[in-house]
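**Q** Structure provided below as structure tokens; questions to follow.
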Amino acid sequence: MILYHGSDKKITKPLYGAGNPRNDYGLGFYCTESVELAKEWACQKNTDGFANQYDLDVQNLNILDLSKEPFSLLHWLTILMQNRCFAPKSPIGQQNLQFLTEHFHLDYLSYDVICGYRANDSYFSFASDFLENIIPIQSLATSMKLESLGMQVVLKSEKAFTSLNYIGAVAAQKDKYYTKYRERDTAARKAYLENLRHQKPSESIYLIDLVRNPELLNGLSL
């Protein structure tokens, strides 16, 4: 698997155990299969950077791919809420979070690599709105696919780190890629609001509805 990591510097040997434990999937080395997305991530602070390129030998690695069955958006959301700073604003929000933890918890720390959605601040706010019953699950699911931030590949275990080989680095210019990074975020927010306007109330399912009747999950495409 060819992967890219956006950074303001060249990283020839990623360090296992380093990084921010409050990222989407906890501590790990966050990559993408898209060189263009990596360039945007490299310039997100309005500085020039690099899309570091690697070859990951996936043989003998235990990979959790949240984009494939039997996993759903709710599994991703449950992991996200375990790692990002989130405090429910209401008793219902606390109840909803407890429901997710009880029904969609995964032992994700036992995997070498995780593939799943990426959540910047905009997407995290969409997820928080869903937890607080502000938006239905259909709007959250659509928002994750519209103007997508792309799937990210996260190396979690020491075994995964030793299976990663550095290839080189491609320069990313802030004049181009910081603008693209900002435009992607703006487009995501616009698509989110547009989707809410077109959501039919009669078809909307909120998290509190799933708490009261988990059978509503049957037939939902998440």
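Residue numbering restarts at 1 for every chain of the structure tokens, chains are lettered A, B, ... in their displayed order, and ligands are numbered from 1 as they appear.
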Would you give me, as an MDAnalysis selection string, the residues in region 86-151 of chain A that DSSP reads as strand (DSSP E or B)?
**A** chainID A and resid 113:117 151
**Q** Go ahead and save the picked residues with N, CA and C atoms, as an mmCIF file, in the first residue's frame.
**A**
data_model
loop_
_atom_site.group_PDB
_atom_site.id
_atom_site.type_symbol
_atom_site.label_atom_id
_atom_site.label_comp_id
_atom_site.auth_asym_id
_atom_site.auth_seq_id
_atom_site.Cartn_x
_atom_site.Cartn_y
_atom_site.Cartn_z
ATOM 1 N N VAL A 113 -3.347 -1.460 12.011
ATOM 2 C CA VAL A 113 -3.666 -0.349 11.121
ATOM 3 C C VAL A 113 -5.172 -0.125 11.127
ATOM 4 N N ILE A 114 -5.580 1.148 11.089
ATOM 5 C CA ILE A 114 -7.001 1.493 11.005
ATOM 6 C C ILE A 114 -7.232 2.341 9.753
ATOM 7 N N CYS A 115 -8.247 1.989 8.966
ATOM 8 C CA CYS A 115 -8.675 2.784 7.822
ATOM 9 C C CYS A 115 -10.058 3.336 8.124
ATOM 10 N N GLY A 116 -10.219 4.639 8.001
ATOM 11 C CA GLY A 116 -11.528 5.214 8.307
ATOM 12 C C GLY A 116 -11.593 6.687 7.958
ATOM 13 N N TYR A 117 -12.768 7.281 8.208
ATOM 14 C CA TYR A 117 -12.973 8.690 7.929
ATOM 15 C C TYR A 117 -12.006 9.563 8.718
ATOM 16 N N MET A 151 -10.502 9.104 3.106
ATOM 17 C CA MET A 151 -10.205 8.100 4.117
ATOM 18 C C MET A 151 -8.750 8.249 4.547
#
**Q** I need the residues of region 65-218 of chain A that end up classed as alpha helix (DSSP H) by DSSP on the backbone, written out as a PyMOL selection string.
**A** chain A and resi 73-83+91-104+121-131+137-145+158-162+174-198+207-212
**Q** Store the residues picked out above, limited to C-alpha atoms, as a short mmCIF file (atom, residue, chain, number, x, y, z; two decimals), in the first residue's frame.
**A**
data_model
loop_
_atom_site.label_atom_id
_atom_site.label_comp_id
_atom_site.auth_asym_id
_atom_site.auth_seq_id
_atom_site.Cartn_x
_atom_site.Cartn_y
_atom_site.Cartn_z
CA LEU A 73 -20.58 5.16 10.66
CA LEU A 74 -21.61 4.57 14.27
CA HIS A 75 -18.52 2.45 14.94
CA TRP A 76 -16.39 5.31 13.59
CA LEU A 77 -18.27 7.82 15.71
CA THR A 78 -17.81 5.76 18.87
CA ILE A 79 -14.03 5.61 18.36
CA LEU A 80 -13.92 9.32 17.54
CA MET A 81 -15.69 10.27 20.76
CA GLN A 82 -13.25 8.18 22.79
CA ASN A 83 -10.28 10.17 21.51
CA PRO A 91 -28.46 14.58 29.64
CA ILE A 92 -29.80 13.22 26.34
CA GLY A 93 -26.40 13.69 24.77
CA GLN A 94 -24.85 11.72 27.63
CA GLN A 95 -27.46 8.98 27.16
CA ASN A 96 -26.74 8.86 23.43
CA LEU A 97 -23.01 8.54 24.01
CA GLN A 98 -23.59 5.74 26.48
CA PHE A 99 -25.76 3.95 23.91
CA LEU A 100 -23.01 4.14 21.29
CA THR A 101 -20.41 2.90 23.75
CA GLU A 102 -22.56 -0.07 24.74
CA HIS A 103 -23.57 -1.10 21.21
CA PHE A 104 -20.77 0.02 18.87
CA ASP A 121 -13.05 20.58 13.17
CA SER A 122 -16.00 20.91 10.79
CA TYR A 123 -16.68 17.21 10.61
CA PHE A 124 -16.22 16.86 14.36
CA SER A 125 -18.87 19.55 14.87
CA PHE A 126 -21.22 17.61 12.56
CA ALA A 127 -20.67 14.49 14.67
CA SER A 128 -21.28 16.48 17.87
CA ASP A 129 -24.55 17.81 16.43
CA PHE A 130 -25.66 14.23 15.79
CA LEU A 131 -24.80 13.22 19.36
CA ILE A 137 -28.24 10.23 11.02
CA GLN A 138 -28.98 10.63 7.29
CA SER A 139 -27.46 14.13 7.33
CA LEU A 140 -24.34 12.96 9.14
CA ALA A 141 -23.87 10.06 6.72
CA THR A 142 -24.32 12.30 3.68
CA SER A 143 -22.01 14.98 5.08
CA MET A 144 -19.19 12.47 5.53
CA LYS A 145 -19.41 11.65 1.83
CA GLU A 158 5.02 -1.02 16.47
CA LYS A 159 4.68 -3.87 13.98
CA ALA A 160 3.02 -1.51 11.51
CA PHE A 161 5.78 1.07 11.92
CA THR A 162 8.46 -1.50 11.14
CA LYS A 174 1.23 26.90 0.56
CA ASP A 175 0.04 29.36 -2.12
CA LYS A 176 -1.81 26.51 -3.80
CA TYR A 177 -2.56 23.92 -1.15
CA TYR A 178 -3.50 26.10 1.82
CA THR A 179 -6.17 27.64 -0.41
CA LYS A 180 -7.37 24.17 -1.43
CA TYR A 181 -7.46 23.10 2.22
CA ARG A 182 -9.61 26.10 3.16
CA GLU A 183 -11.87 25.65 0.14
CA ARG A 184 -12.49 22.00 1.03
CA ASP A 185 -13.55 22.95 4.56
CA THR A 186 -15.82 25.75 3.33
CA ALA A 187 -17.40 23.45 0.76
CA ALA A 188 -18.03 20.84 3.46
CA ARG A 189 -19.90 23.35 5.63
CA LYS A 190 -21.98 24.58 2.67
CA ALA A 191 -22.85 21.02 1.66
CA TYR A 192 -23.78 20.24 5.26
CA LEU A 193 -26.23 23.15 5.48
CA GLU A 194 -27.65 22.42 2.02
CA ASN A 195 -28.21 18.81 2.98
CA LEU A 196 -30.08 19.86 6.14
CA ARG A 197 -32.41 22.04 4.08
CA HIS A 198 -33.34 19.10 1.87
CA LEU A 207 -29.88 9.15 17.58
CA ILE A 208 -32.51 9.30 20.32
CA ASP A 209 -34.80 7.33 17.96
CA LEU A 210 -32.16 4.61 17.70
CA VAL A 211 -31.77 4.56 21.48
CA ARG A 212 -35.50 4.00 21.86
#
**Q** Can you list, as an NGL selection string, every protein, DNA or RNA residue that comes within 7 Å of Tyr206 (chain A) when you count only C-alpha atoms, leaving out same-chain residues fewer than 5 positions away?
**A** :A and (133 or 135-137)
**Q** Need to verify the contact set: Gln53 (chain A), 9 Å, only C-alpha atoms, exclusion of same-chain residues closer than 5 positions in sequence. Can you return it as a VMD selection string?
**A** chain A and resid 2 to 5 35 165 to 170
